[in-house]
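The structure appears right after this line, and notes come after that.
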Number of protein chains: 4
Amino acid sequence: MTIPYTFFPSTEEVVSDEPLVLRRVVRWGECDPAGIAYTPRFLDYVVSVHEAFISLMLGGPIHMLKDELSVDFPVRGVEIDFRSTLPLDTRFEMVVHVGEIRSRTFDIHINAYKVEAEGKRRGDLAFVARITPVTIDHESRAAVALPEKLKSRVEAYAAAHPHQQE
Amino acid sequence: MTIPYTFFPSTEEVVSDEPLVLRRVVRWGECDPAGIAYTPRFLDYVVSVHEAFISLMLGGPIHMLKDELSVDFPVRGVEIDFRSTLPLDTRFEMVVHVGEIRSRTFDIHINAYKVEAEGKRRGDLAFVARITPVTIDHESRAAVALPEKLKSRVEAYAAAHPHQQE
Amino acid sequence: MTIPYTFFPSTEEVVSDEPLVLRRVVRWGECDPAGIAYTPRFLDYVVSVHEAFISLMLGGPIHMLKDELSVDFPVRGVEIDFRSTLPLDTRFEMVVHVGEIRSRTFDIHINAYKVEAEGKRRGDLAFVARITPVTIDHESRAAVALPEKLKSRVEAYAAAHPHQQE
Amino acid sequence: MTIPYTFFPSTEEVVSDEPLVLRRVVRWGECDPAGIAYTPRFLDYVVSVHEAFISLMLGGPIHMLKDELSVDFPVRGVEIDFRSTLPLDTRFEMVVHVGEIRSRTFDIHINAYKVEAEGKRRGDLAFVARITPVTIDHESRAAVALPEKLKSRVEAYAAAHPHQQE
């Protein structure tokens with residue numbers, strides 16, 4: 001059988017890191033009786049991007065590395081605009097950009113596109129989202145400044161991959 | 001044993017319909033390794049309010065009655081501001097108001113407060129959310145005007161329970 | 001409006017403690033594209049019974065009281081037989097019995113019946129399940145004997161409510 | 001950056017089809033406050049194997065191909081033995097075998113092992129599971145014989161990859 005295994009594509013995987021792109025396929029268990037991804041599952045998708053993006057910025061798995069830095073990155077706010085439904089078995093890609101960078105928080109922007117067919121990446125826009133983590137101290141749980149090294153990496157990413165509004 | 005059963009309070013229940021208030025308790029299975037409700041679960045909470053509010057407006061379970069009207073109410077947009085964490089076993093109440101009412105959509109606003117102790121309802125604000133359903137035709141999936149009777153009920157609810165920004 | 005609020009019944013609540021009975025309604029978000037409860041959700045239901053039953057035996061919320069006893073009750077094994085599907089909006093009741101009681105583990109048996117109509121409790125059998133917690137020490141994570149007081153309560157429950165095989 | 005992207009490994013992917021092996025990583029959102037995969041999530045893992053295995057047998061995505069055959073494969077029974085916990089970020093592999101094949105049902109057996117390190121596949125046994133689909137007619141929902149071609153493929157798989165009890 002050919003590889004990758006087309007009878008059961010990867011549920012969620014990073015397919016690019018410049019910019020960060022996560023590809024997913026809509027599973028049966030994520031769909032509601034209308035046969036499309038159930039509304040709350042979109043926040044599962046978006047929070048997964050949040051984890052992957054901070055992991056990319058830290059250079060490894062977020063939950064291991066945040067402990068080393070004695071910080072955490074809980075979500076302060078999130079916003080999702082639903083543009084088209086995601087039916088069962090649909091493959092889609094979430095392309096990640098950075099918006100405003102503040103002292104303690106920054107905005108992660110996601111444009112999610114359906115994958116129309118192999119080789120042609122951008123299908124219809126499925127949703128647009130913004131998720132805003134805040135940096136807090138691991139012990140006191142108080143908001144603190146973004147670690148300097150992390151802030152530099154986020155700024156470099158933002159410069160290299162300017163955010164395009166959809 | 002006394003009733004209600006305090007060893008295992010109701011996971012989610014309507015405790016008022018004027019205005020609509022849903023009370024929940026944060027279950028073990030909704031919490032992440034930090035011991036608090038996992039971020040995406042908040043959209044599960046919010047979408048549950050969406051279902052309950054439209055059910056209240058229609059006078060019965062949404063998924064049965066929307067079929068009779070040949071319409072559906074998918075979510076066009078959602079926004080959540082996280083104000084304080086929801087630790088395991090926390091009880092909280094989501095108070096529901098209506099914001100702007102347009103021809104095909106309207107805004108449902110949720111203020112979620114922790115329940116501090118029996119008899120004293122309003123504890124800390126846990127989160128604030130806005131969820132915006134759009135009315136579509138069941139067959140064509142095109143956006144259509146809110147059914148007149150439903151619109152009147154929503155307007156009456158909005159008049160009786162003015163939205164208070166938190 | 002009459003109470004309880006029939007437009008949105010309680011998602012999950014204890015309706016009896018002699019024997020323990022949990023009543024649920026199948027939510028839209030628990031259903032798959034076939035319009036019935038998605039298979040893995042049944043284990044969510046069953047684990048919820050596990051939490052409620054141990055809470056009942058301990059006389060309060062499990063996760064608070066297990067810490068006081070310095071033990072934990074992870075699941076060692078589970079078995080579910082699916083007898084009929086659970087369509088959207090179906091109400092069902094999980095009736096809880098105790099099977100074999102061993103030194104460190106015991107079997108919780110669940111018979112789940114659909115609620116046909118108000119006042120007539122037992123509809124079709126939806127599923128039968130067995131879930132087996134093991135007692136472990138909170139620190140060492142090694143299996144230990146069931147705390148004596150808990151074991152007595154479980155034995156008294158088993159004697160009062162003999163398990164009926166379905 | 002090297003590929004595959006180690007900062008965020010694939011959530012779930014097929015890594016072999018002879019025999020079928022699914023590799024997963026335990027995500028933050030799958031863990032409970034104990035920092036390990038929440039018990040009901042194991043049935044999500046197992047049902048995912050069920051989908052992947054039938055997809056492999058049919059030669060493509062199950063939900064598309066079952067419709068062409070006018071059959072469905074709901075789960076009649078499931079059993080899981082939990083052997084060791086799955087902490088956050090753990091990678092594990094589910095190795096799939098076939099047990100008894102009957103006229104309308106067959107048993108899928110799963111041995112799940114932790115991935116200790118790159119290149120050394122088999123770590124500790126995490127869990128052992130059995131899941132039993134039944135073949136039903138798409139219209140009548142009555143149990144029917146396994147389609148002949150599917151049965152042959154399942155038998156060939158069983159012969160090529162004999163089940164080893166753990």
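The way I read the labels, and the way they are meant: chains A, B, ... in the order of the structure tokens, residue 1 as the first residue of every chain, and ligand 1 as the first ligand shown, with later ones counted on from there.
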### Query
Near range 88-97 of chain C, within 9 Å and counting only C-alpha atoms, which residues show up once chain neighbours fewer than 4 positions away are dropped, as an NGL selection string?
(:A and (33)) or (:B and (61 or 63-64)) or (:C and (15 or 19-28 or 30-31 or 35-37 or 45-46 or 49 or 53 or 107-116 or 121-123 or 126-127 or 157-158 or 161-164))
Would you put the residues from that selection into a file with N, CA and C atoms, as a CSV table (one decimal), in the first residue's frame?
```csv
chain,number,residue,atom,x,y,z
A,33,PRO,N,-25.3,15.5,14.3
A,33,PRO,CA,-26.3,14.9,13.5
A,33,PRO,C,-26.4,15.5,12.1
B,61,PRO,N,-37.9,21.6,22.9
B,61,PRO,CA,-36.5,21.2,22.4
B,61,PRO,C,-36.3,21.7,21.0
B,63,HIS,N,-34.2,21.0,18.6
B,63,HIS,CA,-33.9,20.1,17.4
B,63,HIS,C,-35.2,19.5,16.8
B,64,MET,N,-36.2,19.4,17.7
B,64,MET,CA,-37.5,18.9,17.2
B,64,MET,C,-38.2,20.1,16.5
C,15,VAL,N,-31.4,10.7,40.4
C,15,VAL,CA,-32.8,10.7,40.7
C,15,VAL,C,-33.2,9.8,41.8
C,19,PRO,N,-31.9,2.3,44.9
C,19,PRO,CA,-30.4,2.2,44.5
C,19,PRO,C,-30.1,3.5,43.8
C,20,LEU,N,-28.8,3.7,43.5
C,20,LEU,CA,-28.4,4.9,42.8
C,20,LEU,C,-28.9,4.8,41.3
C,21,VAL,N,-29.5,5.9,40.9
C,21,VAL,CA,-30.0,6.0,39.5
C,21,VAL,C,-29.6,7.4,39.0
C,22,LEU,N,-28.9,7.4,37.9
C,22,LEU,CA,-28.6,8.7,37.2
C,22,LEU,C,-29.5,8.8,35.9
C,23,ARG,N,-30.1,9.9,35.8
C,23,ARG,CA,-30.9,10.2,34.6
C,23,ARG,C,-30.1,11.2,33.7
C,24,ARG,N,-30.1,10.9,32.4
C,24,ARG,CA,-29.5,11.8,31.4
C,24,ARG,C,-30.4,12.0,30.2
C,25,VAL,N,-30.1,13.0,29.5
C,25,VAL,CA,-30.7,13.2,28.2
C,25,VAL,C,-29.6,13.2,27.1
C,26,VAL,N,-29.8,12.6,26.0
C,26,VAL,CA,-28.8,12.6,24.9
C,26,VAL,C,-28.8,14.0,24.2
C,27,ARG,N,-27.7,14.7,24.3
C,27,ARG,CA,-27.5,16.0,23.8
C,27,ARG,C,-27.1,15.9,22.3
C,28,TRP,N,-27.4,16.9,21.6
C,28,TRP,CA,-27.0,17.1,20.2
C,28,TRP,C,-25.5,16.9,20.0
C,30,GLU,N,-23.5,15.1,21.7
C,30,GLU,CA,-23.1,13.7,22.0
C,30,GLU,C,-23.4,12.8,20.8
C,31,CYS,N,-24.1,13.3,19.9
C,31,CYS,CA,-24.6,12.5,18.7
C,31,CYS,C,-23.6,12.6,17.6
C,35,GLY,N,-27.1,10.5,14.1
C,35,GLY,CA,-28.2,11.0,15.0
C,35,GLY,C,-28.4,10.3,16.3
C,36,ILE,N,-27.4,9.5,16.6
C,36,ILE,CA,-27.4,8.7,17.9
C,36,ILE,C,-26.2,9.0,18.7
C,37,ALA,N,-26.2,8.7,20.0
C,37,ALA,CA,-25.1,8.9,20.8
C,37,ALA,C,-23.8,8.2,20.2
C,45,TYR,N,-20.5,8.2,30.0
C,45,TYR,CA,-21.7,8.0,30.8
C,45,TYR,C,-21.3,7.1,32.0
C,46,VAL,N,-20.6,6.0,31.6
C,46,VAL,CA,-20.3,4.9,32.6
C,46,VAL,C,-19.3,5.5,33.7
C,49,VAL,N,-21.0,7.5,36.2
C,49,VAL,CA,-21.6,6.6,37.3
C,49,VAL,C,-20.6,6.2,38.3
C,53,PHE,N,-21.1,6.9,42.1
C,53,PHE,CA,-21.3,5.9,43.0
C,53,PHE,C,-20.3,6.0,44.2
C,107,ASP,N,-16.8,-4.6,41.5
C,107,ASP,CA,-17.4,-4.4,40.2
C,107,ASP,C,-18.7,-3.6,40.4
C,108,ILE,N,-18.8,-2.5,39.6
C,108,ILE,CA,-20.0,-1.7,39.5
C,108,ILE,C,-20.7,-2.2,38.2
C,109,HIS,N,-22.0,-2.5,38.4
C,109,HIS,CA,-22.8,-2.9,37.2
C,109,HIS,C,-23.8,-1.9,36.9
C,110,ILE,N,-24.0,-1.6,35.6
C,110,ILE,CA,-25.0,-0.6,35.2
C,110,ILE,C,-25.9,-1.2,34.2
C,111,ASN,N,-27.2,-1.1,34.5
C,111,ASN,CA,-28.2,-1.3,33.5
C,111,ASN,C,-28.9,0.0,33.1
C,112,ALA,N,-28.8,0.3,31.8
C,112,ALA,CA,-29.3,1.6,31.3
C,112,ALA,C,-30.6,1.4,30.5
C,113,TYR,N,-31.6,2.0,30.9
C,113,TYR,CA,-32.9,1.9,30.3
C,113,TYR,C,-33.4,3.2,29.7
C,114,LYS,N,-34.0,3.2,28.6
C,114,LYS,CA,-34.6,4.4,28.1
C,114,LYS,C,-35.8,4.8,29.0
C,115,VAL,N,-36.1,6.1,29.1
C,115,VAL,CA,-37.3,6.5,29.8
C,115,VAL,C,-38.4,6.7,28.8
C,116,GLU,N,-39.4,5.9,28.8
C,116,GLU,CA,-40.4,6.0,27.8
C,116,GLU,C,-41.3,7.2,27.9
C,121,ARG,N,-41.1,4.3,34.2
C,121,ARG,CA,-39.6,4.5,34.2
C,121,ARG,C,-38.9,3.6,33.2
C,122,ARG,N,-39.2,2.3,33.1
C,122,ARG,CA,-38.4,1.4,32.4
C,122,ARG,C,-38.8,1.2,30.9
C,123,GLY,N,-38.0,1.8,30.0
C,123,GLY,CA,-38.3,1.5,28.6
C,123,GLY,C,-37.3,0.4,28.2
C,126,ALA,N,-30.9,-0.1,27.0
C,126,ALA,CA,-30.0,0.6,26.1
C,126,ALA,C,-28.6,0.0,26.1
C,127,PHE,N,-28.1,-0.2,27.3
C,127,PHE,CA,-26.8,-0.9,27.4
C,127,PHE,C,-26.6,-1.4,28.8
C,157,TYR,N,-24.6,-1.7,50.6
C,157,TYR,CA,-25.4,-1.4,49.3
C,157,TYR,C,-25.7,-2.6,48.5
C,158,ALA,N,-24.7,-3.5,48.4
C,158,ALA,CA,-24.8,-4.7,47.6
C,158,ALA,C,-25.9,-5.6,48.2
C,161,HIS,N,-29.4,-4.0,47.6
C,161,HIS,CA,-29.8,-3.8,46.1
C,161,HIS,C,-29.1,-4.9,45.3
C,162,PRO,N,-29.6,-6.1,45.4
C,162,PRO,CA,-29.0,-7.3,44.7
C,162,PRO,C,-28.9,-7.0,43.2
C,163,HIS,N,-27.8,-7.4,42.6
C,163,HIS,CA,-27.6,-7.2,41.2
C,163,HIS,C,-28.5,-8.1,40.3
C,164,GLN,N,-29.2,-7.5,39.4
C,164,GLN,CA,-30.0,-8.4,38.5
C,164,GLN,C,-29.4,-8.3,37.1
```
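Here the residues within range 96-164 of chain D that DSSP labels strand (DSSP E) on the basis of the backbone are Val96, His97, Val98, Gly99, Glu100, Ile101, Phe106, Asp107, Ile108, His109, Ile110, Asn111, Ala112, Tyr113, Lys114, Leu125, Ala126, Phe127, Val128, Ala129, Arg130, Ile131, Thr132, Pro133, Ile136 and Asp137 of chain D.
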Using only C-alpha atoms, which residues of chain D come within 7 Å of chain A, and what is the closest atom pair for each, with the distance in Å to one decimal? Give it as a Markdown table, sorted by chain and residue number.
```
| residue | atom | partner | partner_atom | distance |
| --- | --- | --- | --- | --- |
| D:Tyr5 | CA | A:Val14 | CA | 6.7 |
| D:Phe7 | CA | A:Gly60 | CA | 4.2 |
| D:Phe8 | CA | A:Ala52 | CA | 5.9 |
| D:Pro9 | CA | A:Glu13 | CA | 6.8 |
| D:Ser10 | CA | A:Glu13 | CA | 4.5 |
| D:Thr11 | CA | A:Glu12 | CA | 5.4 |
| D:Glu12 | CA | A:Thr11 | CA | 5.4 |
| D:Glu13 | CA | A:Ser10 | CA | 4.4 |
| D:Val14 | CA | A:Tyr5 | CA | 6.7 |
| D:Ala52 | CA | A:Phe8 | CA | 5.9 |
| D:Ser55 | CA | A:Phe7 | CA | 5.8 |
| D:Leu56 | CA | A:Phe7 | CA | 6.0 |
| D:Gly59 | CA | A:Phe7 | CA | 6.2 |
| D:Gly60 | CA | A:Phe7 | CA | 4.2 |
| D:Pro61 | CA | A:Phe7 | CA | 5.2 |
```
Create the file for the chosen residues now, containing C-alpha atoms and written as a short mmCIF file (atom, residue, chain, number, x, y, z; two decimals), in the first residue's frame.
```
data_model
loop_
_atom_site.label_atom_id
_atom_site.label_comp_id
_atom_site.auth_asym_id
_atom_site.auth_seq_id
_atom_site.Cartn_x
_atom_site.Cartn_y
_atom_site.Cartn_z
CA TYR D 5 8.17 18.31 13.25
CA PHE D 7 7.82 20.20 18.49
CA PHE D 8 4.29 18.96 17.80
CA PRO D 9 4.10 15.33 16.68
CA SER D 10 1.11 14.06 14.73
CA THR D 11 -1.87 13.57 17.05
CA GLU D 12 -2.90 10.28 15.44
CA GLU D 13 -1.54 8.54 12.38
CA VAL D 14 -1.27 5.14 10.78
CA ALA D 52 -9.19 2.70 10.71
CA SER D 55 -11.25 1.49 6.34
CA LEU D 56 -8.17 -0.64 5.69
CA GLY D 59 -9.66 0.03 0.93
CA GLY D 60 -10.78 3.56 1.77
CA PRO D 61 -12.62 5.75 4.26
#
```
### Message
as a ChimeraX atom specification, please: the residues near Asp72 in chain A (cut-off 6 Å, only C-alpha atoms, same-chain neighbours under 2 positions excluded).
### Response
/A:66,135-136,138
### Task
Identify all residues of range 33-113 of chain B in helix (DSSP H, G or I) (DSSP on the backbone) and supply them as a list of chain:residue names.
B:Arg41, B:Phe42, B:Leu43, B:Asp44, B:Tyr45, B:Val46, B:Val47, B:Ser48, B:Val49, B:His50, B:Glu51, B:Ala52, B:Phe53, B:Ile54, B:Ser55, B:Leu56, B:Met57, B:Leu58, B:Ile62, B:His63, B:Met64, B:Leu65, B:Lys66, B:Asp67, B:Glu68, B:Leu69
### Query
So which residues touch range 100-103 of chain D within 9 Å, counting only C-alpha atoms, skipping near sequence neighbours fewer than 6 positions away, as a ChimeraX atom specification?
/D:144-146,151,154-155
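Among the candidates B:Ser140, B:Tyr38, B:Ala129, B:Glu68, the one nearest to Arg83 in chain B when counting only C-alpha atoms is B:Ala129.
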### Task
For CA of Phe42 in chain A and CA of His50 in chain C, determine how far apart the two atoms are, in Å to one decimal place.
29.7 Å
